[in-house]
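Chemist: Just so it is clear, I am handing over coords20.cif, which has mmCIF, C-alpha atoms.
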```cif
data_structure
loop_
_atom_site.label_atom_id
_atom_site.label_comp_id
_atom_site.auth_asym_id
_atom_site.auth_seq_id
_atom_site.Cartn_x
_atom_site.Cartn_y
_atom_site.Cartn_z
CA MET A 290 82.16 138.08 87.37
CA LYS A 291 83.69 136.42 90.43
CA THR A 292 81.72 133.27 89.65
CA PHE A 293 83.05 133.30 86.10
CA ILE A 294 86.67 133.75 87.24
CA LYS A 295 86.22 130.96 89.77
CA ALA A 296 84.86 128.67 87.06
CA VAL A 297 87.80 129.46 84.78
CA LYS A 298 90.26 128.67 87.58
CA ILE A 299 88.53 125.37 88.22
CA ILE A 300 88.66 124.48 84.52
CA ILE A 301 92.36 125.40 84.32
CA ALA A 302 93.17 123.39 87.45
CA ALA A 303 91.20 120.40 86.17
CA THR A 304 92.99 120.60 82.81
CA ILE A 305 96.39 120.71 84.49
CA LEU A 306 95.48 117.75 86.69
CA LEU A 307 94.26 115.83 83.64
CA ILE A 308 97.51 116.52 81.74
CA VAL A 309 99.70 115.62 84.72
CA GLY A 310 97.64 112.53 85.46
CA SER A 311 97.74 111.37 81.84
CA THR A 312 101.48 111.97 81.63
CA LEU A 313 102.12 110.00 84.81
CA TYR A 314 99.89 107.17 83.63
CA ILE A 315 101.65 106.90 80.27
CA ARG A 316 105.07 107.04 81.92
CA PHE A 317 104.50 104.59 84.75
CA SER A 318 102.25 102.19 82.84
CA ARG A 319 105.12 101.92 80.32
CA TYR A 320 102.69 102.50 77.49
CA THR A 321 105.49 103.68 75.20
CA ASP A 322 107.53 100.52 75.93
CA ALA A 323 104.77 98.41 74.41
CA MET A 324 104.70 100.71 71.36
CA VAL A 325 108.47 100.55 70.87
CA TYR A 326 108.68 96.75 70.95
CA HIS A 327 105.40 95.90 69.22
CA THR A 328 106.19 94.12 65.95
CA ASN A 329 102.78 93.60 64.31
CA GLY A 330 102.87 89.82 64.68
CA LEU A 331 106.19 89.25 62.91
CA GLU A 332 106.52 85.53 63.49
CA TYR A 333 107.03 82.38 61.44
CA GLU A 334 106.02 78.75 61.74
CA ASN A 335 109.34 76.93 61.40
CA PHE A 336 112.94 78.08 61.50
CA GLU A 337 114.79 77.28 58.27
CA THR A 338 118.28 78.05 56.99
CA SER A 339 120.85 76.71 54.54
CA MET A 340 123.63 77.69 56.96
CA ASN A 341 125.31 75.54 59.58
CA TYR A 342 123.65 76.28 62.90
CA SER A 343 122.72 75.27 66.44
CA GLU A 344 119.31 76.22 67.78
CA TYR A 345 118.56 77.21 71.39
CA TYR A 346 115.53 77.84 73.57
CA PHE A 347 115.95 79.75 76.83
CA GLU A 348 113.25 79.19 79.45
CA ILE A 349 112.73 82.48 81.29
CA ASP A 350 109.49 81.56 83.07
CA GLN A 351 106.42 79.43 82.43
CA ASN A 352 105.10 81.94 79.89
CA THR A 353 108.35 83.01 78.25
CA GLN A 354 110.71 81.06 76.03
CA LEU A 355 113.33 82.88 73.97
CA HIS A 356 114.49 81.48 70.65
CA GLY A 357 118.14 81.84 69.62
CA VAL A 358 120.39 80.51 66.87
CA LEU A 359 124.16 80.21 66.51
CA PHE A 360 125.17 80.43 62.83
CA LYS A 361 128.52 78.79 62.06
CA PRO A 362 131.11 78.82 59.27
CA LYS A 363 130.88 75.85 56.92
CA THR A 364 134.55 75.28 56.14
CA GLN A 365 136.56 76.24 59.24
CA ASP A 366 136.55 76.61 63.00
CA PRO A 367 135.21 80.02 64.05
CA ILE A 368 137.78 82.73 64.61
CA ALA A 369 135.45 84.62 66.97
CA THR A 370 131.83 84.95 68.03
CA ILE A 371 129.63 87.90 67.17
CA ILE A 372 126.59 88.39 69.38
CA HIS A 373 124.08 90.34 67.34
CA TYR A 374 121.25 92.56 68.56
CA SER A 375 119.17 93.19 65.48
CA GLY A 376 116.85 96.00 64.46
CA LYS A 377 113.19 96.18 65.42
CA GLY A 378 111.77 94.09 62.59
CA MET A 379 114.67 91.67 62.03
CA HIS A 380 113.82 88.19 63.28
CA LEU A 381 116.14 85.25 62.65
CA MET A 382 114.67 84.40 59.28
CA ALA A 383 115.20 87.96 58.06
CA SER A 384 118.71 88.45 59.48
CA GLN A 385 120.44 85.55 57.76
CA LYS A 386 121.61 87.61 54.78
CA TYR A 387 123.77 89.58 57.23
CA TYR A 388 125.16 86.44 58.84
CA GLU A 389 126.08 84.76 55.57
CA ILE A 390 128.68 87.46 54.93
CA LEU A 391 130.23 87.08 58.37
CA THR A 392 130.25 83.28 58.50
CA LYS A 393 132.02 83.17 55.13
CA LYS A 394 134.75 85.27 56.75
CA GLY A 395 135.17 82.78 59.59
CA PHE A 396 132.94 84.29 62.28
CA GLN A 397 130.10 82.54 64.04
CA VAL A 398 127.09 84.71 64.84
CA PHE A 399 124.60 84.27 67.68
CA SER A 400 121.33 86.12 67.95
CA PHE A 401 118.02 85.64 69.73
CA GLU A 402 114.52 87.01 69.32
CA ARG A 403 113.13 89.11 72.14
CA ARG A 404 109.77 88.35 73.73
CA ASP A 405 106.71 88.19 71.47
CA PHE A 406 108.83 88.21 68.32
CA GLY A 407 109.77 85.52 65.84
CA ARG A 408 109.56 82.19 67.67
CA SER A 409 109.96 83.70 71.14
CA THR A 410 107.01 83.88 73.50
CA GLY A 411 106.13 86.21 76.36
CA VAL A 412 105.07 89.84 76.49
CA ALA A 413 107.40 92.64 75.36
CA ASP A 414 106.02 95.61 77.27
CA ASN A 415 108.79 96.54 79.70
CA SER A 416 112.31 97.66 78.78
CA LEU A 417 113.72 96.57 82.12
CA THR A 418 112.47 93.03 81.59
CA LEU A 419 113.96 92.94 78.11
CA GLU A 420 117.28 94.16 79.51
CA GLU A 421 117.24 91.32 82.05
CA ASP A 422 116.45 88.85 79.25
CA ALA A 423 119.39 90.05 77.18
CA LEU A 424 121.89 89.69 80.03
CA TYR A 425 120.44 86.30 81.01
CA VAL A 426 120.83 84.96 77.47
CA PHE A 427 124.34 86.46 77.18
CA ASP A 428 125.45 84.81 80.42
CA LYS A 429 124.01 81.47 79.30
CA ILE A 430 125.37 81.43 75.76
CA ILE A 431 128.96 82.48 76.52
CA VAL A 432 129.51 79.34 78.59
CA ASP A 433 128.14 77.09 75.86
CA GLU A 434 130.69 74.61 74.50
CA ASN A 435 130.48 76.29 71.08
CA MET A 436 131.46 79.67 72.53
CA THR A 437 134.26 79.14 75.02
CA GLU A 438 137.83 80.14 74.22
CA LYS A 439 136.73 82.46 71.41
CA PRO A 440 136.77 86.27 71.52
CA ILE A 441 133.33 87.87 71.61
CA VAL A 442 132.28 91.00 69.76
CA ILE A 443 128.86 92.52 70.45
CA TRP A 444 127.14 93.98 67.38
CA GLY A 445 123.97 96.08 67.47
CA GLN A 446 121.96 97.64 64.68
CA SER A 447 119.28 100.32 64.98
CA LEU A 448 117.11 99.52 68.05
CA GLY A 449 119.50 96.65 68.78
CA GLY A 450 122.31 99.13 69.26
CA SER A 451 120.79 100.17 72.59
CA PHE A 452 120.86 96.54 73.76
CA ALA A 453 124.42 96.12 72.47
CA ILE A 454 125.75 99.13 74.37
CA MET A 455 123.94 98.08 77.55
CA ASN A 456 125.32 94.53 77.25
CA ALA A 457 128.84 95.78 76.54
CA ALA A 458 128.71 98.14 79.51
CA GLU A 459 127.41 95.47 81.90
CA ARG A 460 129.75 92.70 80.70
CA SER A 461 132.77 94.63 79.46
CA ASP A 462 135.18 92.11 80.96
CA LYS A 463 133.67 89.30 78.84
CA ILE A 464 134.04 90.91 75.41
CA ALA A 465 136.69 92.09 72.97
CA GLY A 466 134.67 95.09 71.76
CA VAL A 467 131.40 96.42 70.40
CA ILE A 468 130.16 97.68 67.03
CA VAL A 469 126.88 99.56 66.52
CA GLU A 470 125.32 100.82 63.34
CA GLY A 471 122.42 103.19 62.74
CA THR A 472 121.64 103.47 66.43
CA PHE A 473 120.67 106.41 68.61
CA ASN A 474 121.81 108.11 71.80
CA SER A 475 118.59 107.90 73.83
CA PHE A 476 114.99 106.76 73.59
CA PRO A 477 113.58 110.24 74.28
CA ASP A 478 115.61 111.67 71.38
CA ILE A 479 114.52 109.00 68.91
CA GLY A 480 111.02 109.37 70.33
CA LYS A 481 110.99 112.99 69.19
CA VAL A 482 111.81 111.83 65.67
CA TYR A 483 108.76 109.56 65.66
CA ALA A 484 106.45 111.87 67.62
CA LYS A 485 104.09 112.07 64.66
CA ALA A 486 103.39 108.33 64.95
CA ILE A 487 101.77 108.91 68.35
CA ASN A 488 100.07 112.20 67.36
CA LEU A 489 102.50 114.37 69.29
CA GLU A 490 104.14 116.17 66.38
CA ASN A 491 103.40 119.55 67.99
CA PHE A 492 104.30 118.41 71.50
CA LYS A 493 107.77 116.92 71.08
CA TRP A 494 108.85 118.57 74.30
CA MET A 495 106.61 116.09 76.13
CA ILE A 496 108.41 113.00 74.84
CA PRO A 497 111.07 112.90 77.61
CA LEU A 498 108.25 113.07 80.14
CA LEU A 499 106.40 110.16 78.55
CA MET A 500 109.21 107.78 77.65
CA ASN A 501 111.35 105.76 80.03
CA ASN A 502 115.03 105.79 79.10
CA ASP A 503 116.06 102.39 80.45
CA PHE A 504 118.76 102.10 77.77
CA PRO A 505 120.60 105.42 78.29
CA ALA A 506 123.23 104.78 75.64
CA GLU A 507 124.92 108.15 76.18
CA LYS A 508 125.65 107.17 79.80
CA GLU A 509 126.29 103.48 79.24
CA ILE A 510 128.86 104.01 76.49
CA LYS A 511 131.11 105.82 78.94
CA LYS A 512 131.43 102.60 80.98
CA ILE A 513 132.89 100.58 78.09
CA SER A 514 136.66 100.32 78.16
CA LYS A 515 136.99 97.98 75.16
CA PRO A 516 137.17 99.15 71.50
CA ILE A 517 133.95 100.68 70.16
CA VAL A 518 133.02 101.38 66.54
CA ILE A 519 129.99 103.56 65.79
CA ILE A 520 128.81 103.36 62.18
CA HIS A 521 126.19 105.71 60.78
CA SER A 522 125.06 106.75 57.33
CA ASP A 523 124.64 110.45 56.70
CA ALA A 524 121.65 109.52 54.52
CA ASP A 525 119.90 107.41 57.18
CA GLU A 526 116.19 108.20 57.02
CA GLN A 527 115.13 106.08 60.00
CA VAL A 528 117.65 107.08 62.66
CA PRO A 529 119.03 110.57 61.92
CA TYR A 530 122.78 110.87 61.52
CA GLU A 531 122.84 113.53 64.26
CA LEU A 532 121.76 110.97 66.87
CA GLY A 533 124.66 108.71 65.96
CA LYS A 534 127.02 111.67 66.30
CA LYS A 535 125.54 112.49 69.71
CA LEU A 536 126.31 108.96 70.82
CA TYR A 537 129.89 109.32 69.63
CA GLU A 538 130.31 112.69 71.36
CA ALA A 539 129.29 111.04 74.63
CA SER A 540 131.90 108.28 74.28
CA ASP A 541 135.53 108.05 75.33
CA LYS A 542 137.39 109.05 72.17
CA ALA A 543 140.45 107.07 73.29
CA ASN A 544 138.70 103.78 72.49
CA THR A 545 135.90 104.85 70.14
CA GLU A 546 135.89 105.23 66.36
CA PHE A 547 133.16 106.93 64.37
CA TRP A 548 132.77 105.69 60.80
CA LYS A 549 130.62 107.88 58.60
CA ILE A 550 129.20 106.01 55.62
CA GLN A 551 126.60 106.59 52.92
CA GLY A 552 123.56 104.53 52.03
CA LYS A 553 120.34 103.31 53.57
CA HIS A 554 119.64 102.43 57.19
CA ILE A 555 121.83 99.55 58.50
CA ARG A 556 122.97 98.51 55.01
CA GLY A 557 126.64 99.19 55.64
CA ILE A 558 127.73 95.56 55.63
CA PHE A 559 126.36 95.19 52.08
CA ASP A 560 127.67 98.50 50.75
CA TYR A 561 131.11 98.32 52.42
CA GLU A 562 131.57 94.59 52.95
CA GLU A 563 135.36 94.37 53.15
CA GLN A 564 135.80 97.47 55.31
CA TYR A 565 132.92 96.46 57.55
CA VAL A 566 134.21 92.94 58.20
CA GLN A 567 137.66 94.39 58.83
CA LYS A 568 136.24 96.33 61.80
CA PHE A 569 135.43 93.01 63.49
CA ILE A 570 138.87 91.62 62.63
CA ASP A 571 140.59 94.71 64.02
CA ILE A 572 138.76 94.29 67.33
CA ILE A 573 139.70 90.65 67.84
CA ASP A 574 143.31 91.32 66.76
#
```
Represent the structure from my file as structure tokens, please.
Modeler:
Amino acid sequence: MKTFIKAVKIIIAATILLIVGSTLYIRFSRYTDAMVYHTNGLEYENFETSMNYSEYYFEIDQNTQLHGVLFKPKTQDPIATIIHYSGKGMHLMASQKYYEILTKKGFQVFSFERRDFGRSTGVADNSLTLEEDALYVFDKIIVDENMTEKPIVIWGQSLGGSFAIMNAAERSDKIAGVIVEGTFNSFPDIGKVYAKAINLENFKWMIPLLMNNDFPAEKEIKKISKPIVIIHSDADEQVPYELGKKLYEASDKANTEFWKIQGKHIRGIFDYEEQYVQKFIDIID
């Protein structure tokens, strides 16, 4: 009997060590980072657009070159610059339908593709590296001759909302304000929503242990002193409405507006075009 009990204790201890070891490996190897930013080879051969534009390539290191484009109005000087952080699967060929609306209203829009996405190279497996990339590109583009002397609004959608809030918090003195749509309050919370995708549907409590939260939007949003608009559809099936509300609850209500809309995920600019564009105008005014 003693031998049996001893064997059971050994098995239990070994199981605990295996679970702890596996958790630590997943966390510190940043396995979930690679999953979050993997885009299933969403790239294209040549950049094409019917819009006025300037194209940029940012050399990060010998293996990494980031592709960015500044889309410009056709009939007037820009009234302001919007720096856009797009959703997970929105490269610069796919995002143009959003930019057409804004450029027709007098805005110019800049966006770039993160590592291993679109025409950008490099490896997207570390949130901290991607954060550094975003700030590097921001610092480079705002001193470009096409950008100076124009107010800057940061705009983030879905996954891009985390980048937008981080950028706005880190460079608050350089911007007029920030708008996010269909974004979430933290990576662990959105990770719980997609737990089934990594076979952890019954172990959602483990997600905060497995995922790094290098874009803690709930904390970062408190640092932003400029106007903030949070837009979220109550019918959003990709990022639950409750996560957008959590983000708002964490913000300073003195400078933050929450706009509840209806419709599909990050489709607000198409469903509420005039009201949506007015949010940008209100910020620069």
Chemist: Using all atoms listed in the file, which residues of range 429-476 of chain A come within 12 Å of range 340-348 of chain A, and what is the closest atom pair for each, with the distance in Å to one decimal? Give it as JSON lines, sorted by chain and residue number.
Modeler:
```
{"residue": "A:Lys429", "atom": "CA", "partner": "A:Phe347", "partner_atom": "CA", "distance": 8.6}
{"residue": "A:Ile430", "atom": "CA", "partner": "A:Tyr345", "partner_atom": "CA", "distance": 9.1}
{"residue": "A:Asp433", "atom": "CA", "partner": "A:Tyr345", "partner_atom": "CA", "distance": 10.6}
{"residue": "A:Glu434", "atom": "CA", "partner": "A:Ser343", "partner_atom": "CA", "distance": 11.4}
{"residue": "A:Asn435", "atom": "CA", "partner": "A:Ser343", "partner_atom": "CA", "distance": 9.1}
{"residue": "A:Met436", "atom": "CA", "partner": "A:Ser343", "partner_atom": "CA", "distance": 11.5}
```
Chemist: Any chance you could work out the axis-aligned box around range 372-386 of chain A, listed atoms only, 4 Å on each side, giving centre and edge lengths in Å to one decimal, as AutoDock Vina command-line options?
Modeler:
```
--center_x 119.2 --center_y 90.3 --center_z 62.1 --size_x 22.8 --size_y 19.8 --size_z 22.6
```
Chemist: In Å, with one decimal, what is the gap from CA of Thr364 in chain A to CA of Thr338 in chain A?
Modeler: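 Going from CA of Thr364 in chain A over to CA of Thr338 in chain A covers 16.5 Å.
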Chemist: Could you tell me which of A:Asp523, A:Glu531, A:Glu470, A:Asp571 comes closest to Arg556 in chain A if we count only C-alpha atoms?
Modeler: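 Of the candidates, the smallest distance to Arg556 in chain A is held by A:Glu470.
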Chemist: Evaluate the PyMOL selection byres ((chain A and resi 405) around 10) and record the selected residues as a list in words, following the chain and residue labels used in the document.
Modeler: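 Applying the PyMOL selection byres ((chain A and resi 405) around 10) to the structure shown produces Tyr326, His327, Thr328, Asn329, Gly330, Leu331, Glu332, Thr353, Gln354, Leu355, Glu402, Arg403, Arg404, Phe406, Gly407, Arg408, Ser409, Thr410, Gly411, Val412, Ala413 and Asp414 of chain A.
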Chemist: Let's have the selection written as a tab-separated table (two decimals), in the coordinates of the input, with C-alpha atoms.
Modeler:
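Heads up, here's the output in part_33.tsv:
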```
chain	number	residue	atom	x	y	z
A	326	TYR	CA	108.68	96.75	70.95
A	327	HIS	CA	105.40	95.90	69.22
A	328	THR	CA	106.19	94.12	65.95
A	329	ASN	CA	102.78	93.60	64.31
A	330	GLY	CA	102.87	89.82	64.68
A	331	LEU	CA	106.19	89.25	62.91
A	332	GLU	CA	106.52	85.53	63.49
A	353	THR	CA	108.35	83.01	78.25
A	354	GLN	CA	110.71	81.06	76.03
A	355	LEU	CA	113.33	82.88	73.97
A	402	GLU	CA	114.52	87.01	69.32
A	403	ARG	CA	113.13	89.11	72.14
A	404	ARG	CA	109.77	88.35	73.73
A	406	PHE	CA	108.83	88.21	68.32
A	407	GLY	CA	109.77	85.52	65.84
A	408	ARG	CA	109.56	82.19	67.67
A	409	SER	CA	109.96	83.70	71.14
A	410	THR	CA	107.01	83.88	73.50
A	411	GLY	CA	106.13	86.21	76.36
A	412	VAL	CA	105.07	89.84	76.49
A	413	ALA	CA	107.40	92.64	75.36
A	414	ASP	CA	106.02	95.61	77.27
```
Chemist: What's the 8 Å shell around Pro505 in chain A, counting all atoms listed in the file, without same-chain residues fewer than 5 positions away, as a PyMOL selection string?
Modeler: chain A and resi 451+474-476
Chemist: Of the candidates A:Ile371, A:Ile390, A:Ile349, A:Ala524, which shows the shortest atom-to-atom distance to Glu563 in chain A, using all atoms listed in the file?
Modeler: A:Ile390
Chemist: Given the file above and the PyMOL selection byres ((chain A and resi 444) around 8), which residues are selected, and can you give them as a list in words?
Modeler: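 So the PyMOL selection byres ((chain A and resi 444) around 8), applied here, picks out Ile371, Ile372, His373, Tyr374, Val442, Ile443, Gly445, Gln446, Gly450, Ala453, Val467, Ile468 and Val469 of chain A.
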Chemist: Applied to this file, what does the PyMOL selection byres ((chain A and resi 421) around 12) return in terms of residues, put as a list in words?
Modeler: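 So the PyMOL selection byres ((chain A and resi 421) around 12), applied here, picks out Ile349, Arg403, Arg404, Ala413, Asn415, Ser416, Leu417, Thr418, Leu419, Glu420, Asp422, Ala423, Leu424, Tyr425, Val426, Phe427, Asp428, Phe452, Met455, Asn456, Glu459, Asp503 and Phe504 of chain A.
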Chemist: Please write as a PyMOL selection string the list of polymer residues whose atoms come within 7 Å of (128.7, 108.7, 65.8), counting only C-alpha atoms and keeping to the coordinates of the file.
Modeler: chain A and resi 519-521+533-537+547
Chemist: Between A:Ala539, A:Val398, A:Leu448, A:Ile572, which residue has the minimum interatomic distance to Ile555 in chain A, considering only C-alpha atoms?
Modeler: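 Between A:Ala539, A:Val398, A:Leu448, A:Ile572, the residue approaching Ile555 in chain A most closely is A:Leu448.
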